[in-house]
file structure-v6.txt (compact mmCIF, C-alpha atoms)
# COMPACT_ATOMS: atom_id res chain seq x y z
CA MET T 1 59.39 -36.96 -0.43
CA LEU T 2 57.10 -34.77 -2.54
CA LEU T 3 57.22 -37.21 -5.41
CA ALA T 4 56.21 -40.04 -3.07
CA LEU T 5 53.21 -38.05 -1.85
CA ILE T 6 52.09 -37.24 -5.41
CA VAL T 7 52.37 -40.86 -6.45
CA THR T 8 50.37 -41.95 -3.37
CA ALA T 9 47.66 -39.39 -4.13
CA LEU T 10 47.42 -40.54 -7.75
CA VAL T 11 47.11 -44.14 -6.67
CA ALA T 12 44.40 -43.22 -4.14
CA VAL T 13 42.46 -41.27 -6.79
CA ALA T 14 42.77 -44.16 -9.23
CA LEU T 15 41.46 -46.59 -6.64
CA LEU T 16 38.57 -44.33 -5.62
CA SER T 17 37.60 -43.45 -9.17
CA ASP T 18 35.46 -46.57 -9.47
CA LEU T 19 33.38 -45.25 -6.59
CA LEU T 20 33.46 -41.54 -7.39
CA ILE T 21 32.90 -41.42 -11.14
CA PRO T 22 29.47 -43.13 -11.21
CA ARG T 23 28.26 -40.83 -8.41
CA LEU T 24 29.50 -37.69 -10.13
CA LYS T 25 27.97 -38.84 -13.41
CA GLU T 26 24.61 -39.47 -11.75
CA ARG T 27 24.66 -36.02 -10.09
CA TRP T 28 25.51 -34.32 -13.37
CA GLU T 29 22.66 -36.10 -15.15
CA ARG T 30 20.22 -35.19 -12.39
CA TYR T 31 21.35 -31.57 -12.57
CA ARG T 32 20.86 -31.53 -16.34
CA ALA T 33 17.46 -33.20 -16.15
CA GLY T 34 16.33 -30.65 -13.54
CA ARG T 35 17.10 -27.84 -15.92
CA GLN T 36 15.35 -29.34 -18.88
CA ARG T 37 11.77 -28.33 -19.51
CA ALA T 38 9.27 -31.14 -18.98
CA PRO T 39 7.48 -31.86 -22.27
CA ALA T 40 4.04 -30.22 -22.34
CA PRO T 41 1.11 -32.49 -23.11
CA PRO T 42 -0.28 -31.90 -26.58
CA TYR T 43 -3.15 -29.43 -26.99
CA ASP T 44 -6.44 -31.27 -26.67
CA PRO T 45 -9.47 -29.26 -27.86
CA GLY T 46 -11.86 -31.74 -26.22
CA ARG T 47 -10.20 -31.29 -22.84
CA GLU T 48 -10.29 -27.50 -23.21
CA ARG T 49 -13.99 -27.59 -24.15
CA ARG T 50 -14.85 -29.78 -21.16
CA ALA T 51 -12.85 -27.45 -18.92
CA GLU T 52 -14.78 -24.46 -20.27
CA GLN T 53 -18.11 -26.23 -19.67
CA ARG T 54 -17.15 -26.91 -16.05
CA ALA T 55 -15.97 -23.32 -15.68
CA ARG T 56 -19.28 -21.96 -17.03
CA ALA T 57 -21.22 -24.11 -14.56
CA LEU T 58 -19.08 -22.80 -11.71
CA LEU T 59 -19.49 -19.19 -12.84
CA ARG T 60 -23.24 -19.61 -13.10
CA SER T 61 -23.41 -20.99 -9.56
CA CYS T 62 -21.55 -17.98 -8.14
CA VAL T 63 -22.95 -14.89 -9.85
CA ASN T 64 -26.57 -13.76 -9.79
CA ASP T 65 -29.07 -14.42 -12.54
CA GLU T 66 -28.61 -11.01 -14.19
CA GLU T 67 -24.82 -11.31 -14.29
CA TRP T 68 -25.00 -14.83 -15.66
CA SER T 69 -27.45 -13.80 -18.39
CA MET T 70 -25.24 -10.82 -19.22
CA TYR T 71 -22.20 -13.06 -19.61
CA ARG T 72 -24.12 -15.61 -21.66
CA ASP T 73 -25.69 -13.03 -23.97
CA LEU T 74 -23.01 -10.34 -24.19
CA GLY T 75 -19.75 -12.08 -23.26
CA PHE T 76 -18.85 -9.87 -20.31
CA ILE T 77 -20.01 -9.04 -16.79
CA ARG T 78 -20.60 -5.56 -15.41
CA VAL T 79 -19.49 -5.14 -11.81
CA TRP T 80 -20.36 -1.94 -9.98
CA GLY T 81 -17.48 -0.12 -8.29
CA SER T 82 -17.72 0.40 -4.56
CA GLN T 83 -15.12 3.08 -3.84
CA ASN T 84 -16.47 6.51 -2.94
CA ASP T 85 -14.09 8.35 -5.22
CA GLY T 86 -13.77 5.90 -8.05
CA PRO T 87 -11.20 3.22 -8.66
CA ALA T 88 -7.77 3.83 -7.21
CA ARG T 89 -5.32 5.68 -9.50
CA ALA T 90 -8.15 7.01 -11.67
CA ASP T 91 -8.00 10.69 -10.64
CA GLY T 92 -11.31 10.41 -8.79
CA THR T 93 -14.82 10.37 -10.13
CA GLY T 94 -16.24 13.06 -7.89
CA GLY T 95 -18.53 10.51 -6.30
CA ALA T 96 -20.12 9.52 -9.61
CA ALA T 97 -21.19 5.90 -9.99
CA TYR T 98 -18.79 3.77 -11.96
CA GLY T 99 -18.52 0.19 -13.06
CA TYR T 100 -16.15 -2.31 -14.55
CA LEU T 101 -16.57 -4.46 -17.61
CA VAL T 102 -15.07 -7.87 -16.95
CA TYR T 103 -14.00 -9.74 -20.08
CA PRO T 104 -12.31 -13.13 -20.11
CA HIS T 105 -8.61 -12.82 -20.82
CA LYS T 106 -8.81 -9.10 -21.53
CA PRO T 107 -8.15 -6.12 -19.29
CA ILE T 108 -10.90 -4.93 -16.95
CA VAL T 109 -12.28 -1.63 -18.21
CA ALA T 110 -13.54 0.98 -15.75
CA TYR T 111 -16.14 3.51 -16.91
CA LEU T 112 -18.52 6.13 -15.57
CA ALA T 113 -22.03 4.74 -15.37
CA GLN T 114 -23.84 7.93 -16.38
CA THR T 115 -21.74 9.20 -19.26
CA HIS T 116 -20.04 5.97 -20.31
CA ARG T 117 -16.73 7.79 -20.25
CA LEU T 118 -13.94 5.23 -20.10
CA LEU T 119 -11.64 5.68 -17.11
CA ASN T 120 -8.86 3.13 -17.33
CA GLU T 121 -7.87 -0.36 -18.31
CA TYR T 122 -6.67 -2.65 -15.56
CA CYS T 123 -4.62 -5.49 -16.90
CA VAL T 124 -4.60 -8.47 -14.58
CA THR T 125 -3.91 -12.16 -15.03
CA PHE T 126 -4.32 -15.25 -12.88
CA PRO T 127 -1.42 -17.44 -13.95
CA ASP T 128 -1.24 -20.94 -12.53
CA GLU T 129 2.49 -21.57 -12.48
CA THR T 130 2.00 -25.27 -11.77
CA ARG T 131 0.89 -25.53 -15.45
CA PRO T 132 -0.90 -28.85 -15.02
CA TYR T 133 -1.59 -29.08 -18.74
CA GLY T 134 1.34 -27.14 -20.04
CA SER T 135 -0.48 -23.82 -19.89
CA ALA T 136 -0.90 -21.21 -17.18
CA ARG T 137 -4.12 -19.95 -18.77
CA LEU T 138 -7.45 -20.61 -17.07
CA PRO T 139 -10.58 -21.43 -19.10
CA ASP T 140 -12.38 -18.25 -20.24
CA SER T 141 -15.21 -18.48 -17.71
CA ASP T 142 -12.79 -19.24 -14.87
CA ASP T 143 -10.81 -16.12 -15.76
CA ALA T 144 -14.01 -14.04 -15.72
CA LEU T 145 -15.03 -15.61 -12.39
CA ALA T 146 -11.60 -14.99 -10.87
CA LYS T 147 -11.88 -11.31 -11.82
CA TRP T 148 -15.43 -11.15 -10.50
CA MET T 149 -14.41 -12.71 -7.17
CA ALA T 150 -11.35 -10.52 -6.80
CA LEU T 151 -13.31 -7.36 -7.69
CA THR T 152 -16.30 -8.02 -5.46
CA GLY T 153 -14.13 -9.44 -2.68
CA ASP T 154 -11.39 -6.81 -2.54
CA GLU T 155 -11.67 -4.21 -5.27
CA ARG T 156 -8.87 -2.07 -3.89
CA ARG T 157 -6.40 -4.94 -3.76
CA LEU T 158 -7.12 -6.12 -7.29
CA ILE T 159 -6.85 -2.65 -8.76
CA ALA T 160 -3.60 -2.07 -6.87
CA THR T 161 -2.23 -5.35 -8.26
CA ALA T 162 -3.24 -4.69 -11.85
CA ASN T 163 -1.20 -2.78 -14.39
CA MET T 164 -3.18 0.35 -15.16
CA HIS T 165 -3.32 1.88 -18.61
CA LEU T 166 -5.31 4.59 -20.28
CA PRO T 167 -8.26 3.33 -22.33
CA GLY T 168 -7.25 2.01 -25.71
CA ARG T 169 -3.99 0.34 -24.74
CA GLN T 170 -5.27 -3.19 -25.32
CA VAL T 171 -9.01 -2.96 -25.72
CA ASP T 172 -10.44 -0.88 -28.55
CA PRO T 173 -12.40 2.00 -26.95
CA ALA T 174 -14.90 1.91 -29.81
CA ALA T 175 -15.57 -1.76 -29.07
CA VAL T 176 -16.07 -0.98 -25.37
CA LYS T 177 -18.45 1.88 -26.20
CA ARG T 178 -20.34 -0.50 -28.44
CA ASP T 179 -20.47 -3.05 -25.59
CA LEU T 180 -21.84 -0.39 -23.25
CA TRP T 181 -24.52 0.45 -25.82
CA ARG T 182 -25.33 -3.26 -26.18
CA LEU T 183 -25.54 -3.52 -22.39
CA THR T 184 -28.02 -0.62 -22.26
CA GLN T 185 -30.18 -2.22 -24.96
CA TRP T 186 -29.96 -5.58 -23.23
CA GLU T 187 -31.04 -4.10 -19.90
CA ARG T 188 -33.99 -2.29 -21.53
CA ALA T 189 -35.13 -5.51 -23.22
CA ARG T 190 -34.80 -7.36 -19.95
CA LEU T 191 -36.84 -4.73 -18.13
CA ARG T 192 -39.51 -4.85 -20.84
CA THR T 193 -39.70 -8.63 -20.60
CA ALA T 194 -39.92 -8.48 -16.81
CA GLY T 195 -42.68 -5.82 -17.08
CA ASP T 196 -44.63 -7.91 -19.59
CA GLU T 197 -44.38 -10.98 -17.38
CA GLU T 198 -45.51 -8.99 -14.33
CA GLY T 199 -48.43 -7.53 -16.31
CA SER T 200 -49.60 -10.91 -17.51
CA THR T 201 -49.30 -12.35 -13.99
CA GLN T 202 -51.44 -9.51 -12.60
CA ALA T 203 -53.97 -10.00 -15.42
CA ASP T 204 -54.14 -13.68 -14.55
CA LEU T 205 -54.79 -12.84 -10.91
CA THR T 206 -57.50 -10.25 -11.67
CA PRO T 207 -60.93 -11.81 -11.07
CA MET L 1 -9.62 -23.63 -10.83
CA LYS L 2 -7.02 -25.24 -13.04
CA PRO L 3 -5.90 -24.50 -16.59
CA GLY L 4 -7.18 -27.18 -18.91
CA HIS L 5 -9.49 -28.56 -16.29
CA GLY L 6 -11.78 -25.97 -14.74
CA GLU L 7 -13.19 -26.90 -11.36
CA VAL L 8 -11.34 -29.57 -9.36
CA LEU L 9 -12.58 -30.92 -6.02
CA ILE L 10 -9.76 -30.67 -3.51
CA ALA L 11 -11.40 -31.79 -0.29
CA GLU L 12 -14.84 -32.04 1.23
CA GLY L 13 -16.13 -32.67 4.69
CA ASP L 14 -18.29 -31.50 7.56
CA VAL L 15 -16.69 -28.77 9.68
CA GLU L 16 -18.73 -29.95 12.65
CA LEU L 17 -16.69 -33.18 12.67
CA ARG L 18 -13.26 -32.57 14.16
CA ALA L 19 -11.42 -35.02 11.89
CA ASP L 20 -13.02 -33.50 8.80
CA GLU L 21 -12.27 -30.00 9.98
CA LEU L 22 -8.58 -30.77 10.50
CA ARG L 23 -8.38 -32.27 7.02
CA LEU L 24 -10.09 -29.22 5.53
CA ILE L 25 -7.77 -26.86 7.40
CA GLU L 26 -4.76 -28.75 6.05
CA ALA L 27 -6.09 -28.65 2.49
CA PHE L 28 -6.89 -24.93 2.89
CA ARG L 29 -3.36 -24.16 4.08
CA ASP L 30 -1.80 -26.24 1.32
CA GLN L 31 -3.66 -24.23 -1.29
CA LEU L 32 -2.72 -20.87 0.21
CA ASP L 33 0.88 -21.99 0.63
CA SER L 34 1.00 -22.89 -3.03
CA GLY L 35 0.06 -19.32 -3.89
CA MET L 36 -3.68 -19.56 -4.42
CA TRP L 37 -6.30 -17.07 -3.29
CA ALA L 38 -9.41 -18.35 -1.55
CA ALA L 39 -12.92 -16.95 -1.94
CA VAL L 40 -16.32 -17.82 -0.56
CA PRO L 41 -19.31 -16.85 -2.72
CA VAL L 42 -21.89 -15.18 -0.49
CA THR L 43 -25.34 -13.68 -0.96
CA GLU L 44 -26.03 -10.43 0.88
CA PRO L 45 -29.37 -9.94 2.63
CA ALA L 46 -30.44 -7.64 -0.26
CA GLY L 47 -29.83 -10.52 -2.66
CA ARG L 48 -26.62 -9.17 -4.17
CA ARG L 49 -23.99 -11.79 -4.77
CA GLN L 50 -20.34 -11.23 -4.14
CA ALA L 51 -17.21 -13.03 -3.04
CA GLN L 52 -15.54 -12.87 0.32
CA LEU L 53 -11.78 -13.31 0.07
CA VAL L 54 -10.41 -15.27 3.02
CA ARG L 55 -6.84 -15.63 4.20
CA ASP L 56 -7.46 -17.77 7.24
CA PHE L 57 -9.65 -20.80 7.82
CA GLU L 58 -11.40 -19.02 10.70
CA GLN L 59 -12.60 -16.32 8.29
CA ILE L 60 -14.71 -18.82 6.37
CA PRO L 61 -18.36 -18.57 7.42
CA ARG L 62 -19.32 -21.78 9.22
CA ASP L 63 -22.30 -22.24 6.95
CA ALA L 64 -20.31 -21.78 3.72
CA ASP L 65 -20.88 -24.69 1.39
CA ARG L 66 -17.64 -24.21 -0.55
CA VAL L 67 -14.41 -22.31 -0.85
CA ILE L 68 -13.04 -21.60 -4.31
CA PHE L 69 -9.29 -21.41 -4.81
CA PHE L 70 -7.90 -19.54 -7.77
CA PRO L 71 -4.43 -18.40 -8.83
CA ARG L 72 -3.43 -15.10 -7.26
CA ALA L 73 -3.75 -12.01 -9.40
CA ALA L 74 -0.72 -10.54 -11.09
CA GLY L 75 -0.30 -7.46 -13.22
CA GLY L 76 -0.85 -8.32 -16.87
CA ALA L 77 0.72 -7.11 -20.10
CA ARG L 78 2.68 -3.87 -19.75
call {"tool": "encode", "arguments": {"input": "structure-v6.txt", "output": "structure tokens"}}
result
Amino acid sequence: MLLALIVTALVAVALLSDLLIPRLKERWERYRAGRQRAPAPPYDPGRERRAEQRARALLRSCVNDEEWSMYRDLGFIRVWGSQNDGPARADGTGGAAYGYLVYPHKPIVAYLAQTHRLLNEYCVTFPDETRPYGSARLPDSDDALAKWMALTGDERRLIATANMHLPGRQVDPAAVKRDLWRLTQWERARLRTAGDEEGSTQADLTP
Amino acid sequence: MKPGHGEVLIAEGDVELRADELRLIEAFRDQLDSGMWAAVPVTEPAGRRQAQLVRDFEQIPRDADRVIFFPRAAGGAR
């Protein structure tokens, strides 16, 4: 009896194999293909350059004239902090004014406006996991704009999201100090230019 | 914002037209569902520029001329 059942089952399997095997094979191939990484398109410097140009135009249209000039001339944007007691997780600033230096694809650096003492580094990224061109990395100016929007839109949330480190973890403190000095010089030159232009305008208007 | 591309136009329309508004709402939700953050660049009365992060279509000022979507922030290198 048992032997008869086994023989019947084997015959049934043999008859169904023509139907089952192709389906199983197709499923296995689909499963394997799903696990394989899709080939990334080759790096195209022209495409990256065009993307950066578009990103710069977008950044320029969002920030004010001073911030745009700062980014163009110095390579970073200063954003003033808005929390009463300094950025979160920074031990408080005692109400002193503070700002952030926003660099593309580098941590945001918080500092005290008056003394230029560096407070912290806030490491944050904006990865696009859809990787339309094989990379999750935004163009430089888009990264700076994303940080600017997140900082000015919800400073607390961005700082809470970021990984905080003491100054010097990723960005050289000496380089940041030098950037703060460059920023001071840049602002003085800008003020001088604005003063000269105002003076000449008034001279033109004097009868 | 897209890696390797920069700015990409997703949808445009007039929010005063119902059909356009529905299309914009759908595009807005699609972007947020795919994990993007949305921001509206605004100019304060004092002239200061900043971004307003929005999580709902109703939060977008009616006179906003654009909404920018960008990948949500994540903690960087440890």
call {"tool": "residues_around", "arguments": {"input": "structure-v6.txt", "residues": "Asp14 (chain L)", "least_positions_apart": "6", "cutoff": "10 Å", "atoms": "all atoms listed in the file", "output": "list in words"}}
result
Asp20, Glu21, Arg23, Leu24, Arg62 and Asp65 of chain L
call {"tool": "residues_around", "arguments": {"input": "structure-v6.txt", "residues": "region 65-73 of chain T", "least_positions_apart": "6", "cutoff": "12 Å", "atoms": "only C-alpha atoms", "output": "ChimeraX atom specification"}}
result
/T:56-59,79-80,101-104,140-141,144-145,148,179-180,182-187,189-191,194 /L:47-50
call {"tool": "write_last_selection", "arguments": {"input": "structure-v6.txt", "atoms": "C-alpha atoms", "output": "short mmCIF file (atom, residue, chain, number, x, y, z; two decimals), in the coordinates of the input"}}
result
data_model
loop_
_atom_site.label_atom_id
_atom_site.label_comp_id
_atom_site.auth_asym_id
_atom_site.auth_seq_id
_atom_site.Cartn_x
_atom_site.Cartn_y
_atom_site.Cartn_z
CA ARG T 56 -19.28 -21.96 -17.03
CA ALA T 57 -21.22 -24.11 -14.56
CA LEU T 58 -19.08 -22.80 -11.71
CA LEU T 59 -19.49 -19.19 -12.84
CA VAL T 79 -19.49 -5.14 -11.81
CA TRP T 80 -20.36 -1.94 -9.98
CA LEU T 101 -16.57 -4.46 -17.61
CA VAL T 102 -15.07 -7.87 -16.95
CA TYR T 103 -14.00 -9.74 -20.08
CA PRO T 104 -12.31 -13.13 -20.11
CA ASP T 140 -12.38 -18.25 -20.24
CA SER T 141 -15.21 -18.48 -17.71
CA ALA T 144 -14.01 -14.04 -15.72
CA LEU T 145 -15.03 -15.61 -12.39
CA TRP T 148 -15.43 -11.15 -10.50
CA ASP T 179 -20.47 -3.05 -25.59
CA LEU T 180 -21.84 -0.39 -23.25
CA ARG T 182 -25.33 -3.26 -26.18
CA LEU T 183 -25.54 -3.52 -22.39
CA THR T 184 -28.02 -0.62 -22.26
CA GLN T 185 -30.18 -2.22 -24.96
CA TRP T 186 -29.96 -5.58 -23.23
CA GLU T 187 -31.04 -4.10 -19.90
CA ALA T 189 -35.13 -5.51 -23.22
CA ARG T 190 -34.80 -7.36 -19.95
CA LEU T 191 -36.84 -4.73 -18.13
CA ALA T 194 -39.92 -8.48 -16.81
CA GLY L 47 -29.83 -10.52 -2.66
CA ARG L 48 -26.62 -9.17 -4.17
CA ARG L 49 -23.99 -11.79 -4.77
CA GLN L 50 -20.34 -11.23 -4.14
#
call {"tool": "closest_residue", "arguments": {"input": "structure-v6.txt", "among": "T:Leu74, T:Ile21, T:Ala174, T:Ile108", "to": "chain L", "atoms": "all atoms listed in the file"}}
result
T:Ile108
call {"tool": "closest_residue", "arguments": {"input": "structure-v6.txt", "among": "L:Glu12, L:Gln31, L:Glu44, L:Ala74", "to": "chain T", "atoms": "all atoms listed in the file"}}
result
L:Ala74
call {"tool": "atom_distance", "arguments": {"input": "structure-v6.txt", "atom1": "CA of Gly153 (chain T)", "atom2": "CA of Tyr111 (chain T)"}}
result
19.3 Å
call {"tool": "residues_around", "arguments": {"input": "structure-v6.txt", "residues": "region 47-52 of chain T", "least_positions_apart": "5", "cutoff": "10 Å", "atoms": "only C-alpha atoms", "output": "JSON, numbers by chain"}}
result
{"T": [57, 58, 133, 138, 139, 140, 141, 142], "L": [1, 2, 3, 4, 5, 6, 7, 8]}
call {"tool": "atom_distance", "arguments": {"input": "structure-v6.txt", "atom1": "CA of Lys177 (chain T)", "atom2": "CA of Arg72 (chain L)"}}
result
29.5 Å
call {"tool": "residues_around", "arguments": {"input": "structure-v6.txt", "residues": "Ile68 (chain L)", "least_positions_apart": "3", "cutoff": "8 Å", "atoms": "all atoms listed in the file", "output": "PDB file with C-alpha atoms, keeping the file's coordinate frame"}}
result
ATOM      1  CA  MET L   1      -9.620 -23.630 -10.830  1.00  0.00           C
ATOM      2  CA  ALA L  38      -9.410 -18.350  -1.550  1.00  0.00           C
ATOM      3  CA  ALA L  39     -12.920 -16.950  -1.940  1.00  0.00           C
ATOM      4  CA  VAL L  40     -16.320 -17.820  -0.560  1.00  0.00           C
TER       5      VAL L  40
END
call {"tool": "atom_distance", "arguments": {"input": "structure-v6.txt", "atom1": "CA of Pro41 (chain L)", "atom2": "CA of Ala55 (chain T)"}}
result
14.9 Å
call {"tool": "closest_residue", "arguments": {"input": "structure-v6.txt", "among": "L:Met36, L:Glu16, L:Arg55, L:Ala46", "to": "chain T", "atoms": "only C-alpha atoms"}}
result
L:Met36
call {"tool": "closest_residue", "arguments": {"input": "structure-v6.txt", "among": "T:Arg23, T:His116, T:Arg78, T:Arg157", "to": "chain L", "atoms": "all atoms listed in the file"}}
result
T:Arg157
call {"tool": "closest_residue", "arguments": {"input": "structure-v6.txt", "among": "L:Ile10, L:Ala51, L:Ile60, L:Ile25", "to": "chain T", "atoms": "only C-alpha atoms"}}
result
L:Ala51
call {"tool": "residues_near_point", "arguments": {"input": "structure-v6.txt", "point": "(-2.4, -8.7, -5.8)", "cutoff": "9 Å", "atoms": "all atoms listed in the file", "output": "JSON, numbers by chain"}}
result
{"T": [157, 158, 159, 160, 161, 162], "L": [72, 73, 74, 75]}
call {"tool": "closest_residue", "arguments": {"input": "structure-v6.txt", "among": "L:Val15, L:Leu9, L:Asp30, L:Trp37", "to": "Asp63 (chain L)", "atoms": "all atoms listed in the file"}}
result
L:Val15
call {"tool": "build_atoms", "arguments": {"input": "structure-v6.txt", "residues": "region 60-80 of chain T", "atoms": "N, CA and C atoms", "output": "tab-separated table (two decimals), in the coordinates of the input"}}
result
chain	number	residue	atom	x	y	z
T	60	ARG	N	-21.79	-19.77	-13.23
T	60	ARG	CA	-23.24	-19.61	-13.10
T	60	ARG	C	-23.70	-19.81	-11.65
T	61	SER	N	-23.01	-20.71	-10.94
T	61	SER	CA	-23.41	-20.99	-9.56
T	61	SER	C	-22.97	-19.89	-8.60
T	62	CYS	N	-22.07	-19.02	-9.05
T	62	CYS	CA	-21.55	-17.98	-8.14
T	62	CYS	C	-22.21	-16.62	-8.34
T	63	VAL	N	-22.41	-16.22	-9.59
T	63	VAL	CA	-22.95	-14.89	-9.85
T	63	VAL	C	-24.48	-14.93	-9.83
T	64	ASN	N	-25.10	-13.75	-9.82
T	64	ASN	CA	-26.57	-13.76	-9.79
T	64	ASN	C	-27.13	-13.96	-11.21
T	65	ASP	N	-28.43	-14.07	-11.27
T	65	ASP	CA	-29.07	-14.42	-12.54
T	65	ASP	C	-28.80	-13.36	-13.62
T	66	GLU	N	-28.84	-12.08	-13.21
T	66	GLU	CA	-28.61	-11.01	-14.19
T	66	GLU	C	-27.19	-11.07	-14.75
T	67	GLU	N	-26.22	-11.27	-13.85
T	67	GLU	CA	-24.82	-11.31	-14.29
T	67	GLU	C	-24.57	-12.52	-15.19
T	68	TRP	N	-25.19	-13.64	-14.83
T	68	TRP	CA	-25.00	-14.83	-15.66
T	68	TRP	C	-25.60	-14.61	-17.05
T	69	SER	N	-26.80	-14.05	-17.09
T	69	SER	CA	-27.45	-13.80	-18.39
T	69	SER	C	-26.63	-12.82	-19.22
T	70	MET	N	-26.08	-11.82	-18.54
T	70	MET	CA	-25.24	-10.82	-19.22
T	70	MET	C	-24.03	-11.50	-19.87
T	71	TYR	N	-23.39	-12.37	-19.10
T	71	TYR	CA	-22.20	-13.06	-19.61
T	71	TYR	C	-22.58	-13.97	-20.78
T	72	ARG	N	-23.68	-14.68	-20.62
T	72	ARG	CA	-24.12	-15.61	-21.66
T	72	ARG	C	-24.48	-14.87	-22.95
T	73	ASP	N	-25.18	-13.74	-22.79
T	73	ASP	CA	-25.69	-13.03	-23.97
T	73	ASP	C	-24.67	-12.06	-24.57
T	74	LEU	N	-23.89	-11.41	-23.70
T	74	LEU	CA	-23.01	-10.34	-24.19
T	74	LEU	C	-21.52	-10.69	-24.14
T	75	GLY	N	-21.16	-11.68	-23.33
T	75	GLY	CA	-19.75	-12.08	-23.26
T	75	GLY	C	-18.92	-11.35	-22.24
T	76	PHE	N	-19.57	-10.56	-21.40
T	76	PHE	CA	-18.85	-9.87	-20.31
T	76	PHE	C	-19.79	-9.68	-19.14
T	77	ILE	N	-19.21	-9.30	-17.99
T	77	ILE	CA	-20.01	-9.04	-16.79
T	77	ILE	C	-19.74	-7.62	-16.34
T	78	ARG	N	-20.79	-6.89	-15.99
T	78	ARG	CA	-20.60	-5.56	-15.41
T	78	ARG	C	-20.61	-5.70	-13.87
T	79	VAL	N	-19.57	-5.15	-13.27
T	79	VAL	CA	-19.49	-5.14	-11.81
T	79	VAL	C	-19.46	-3.69	-11.36
T	80	TRP	N	-20.33	-3.32	-10.46
T	80	TRP	CA	-20.36	-1.94	-9.98
T	80	TRP	C	-19.18	-1.68	-9.05
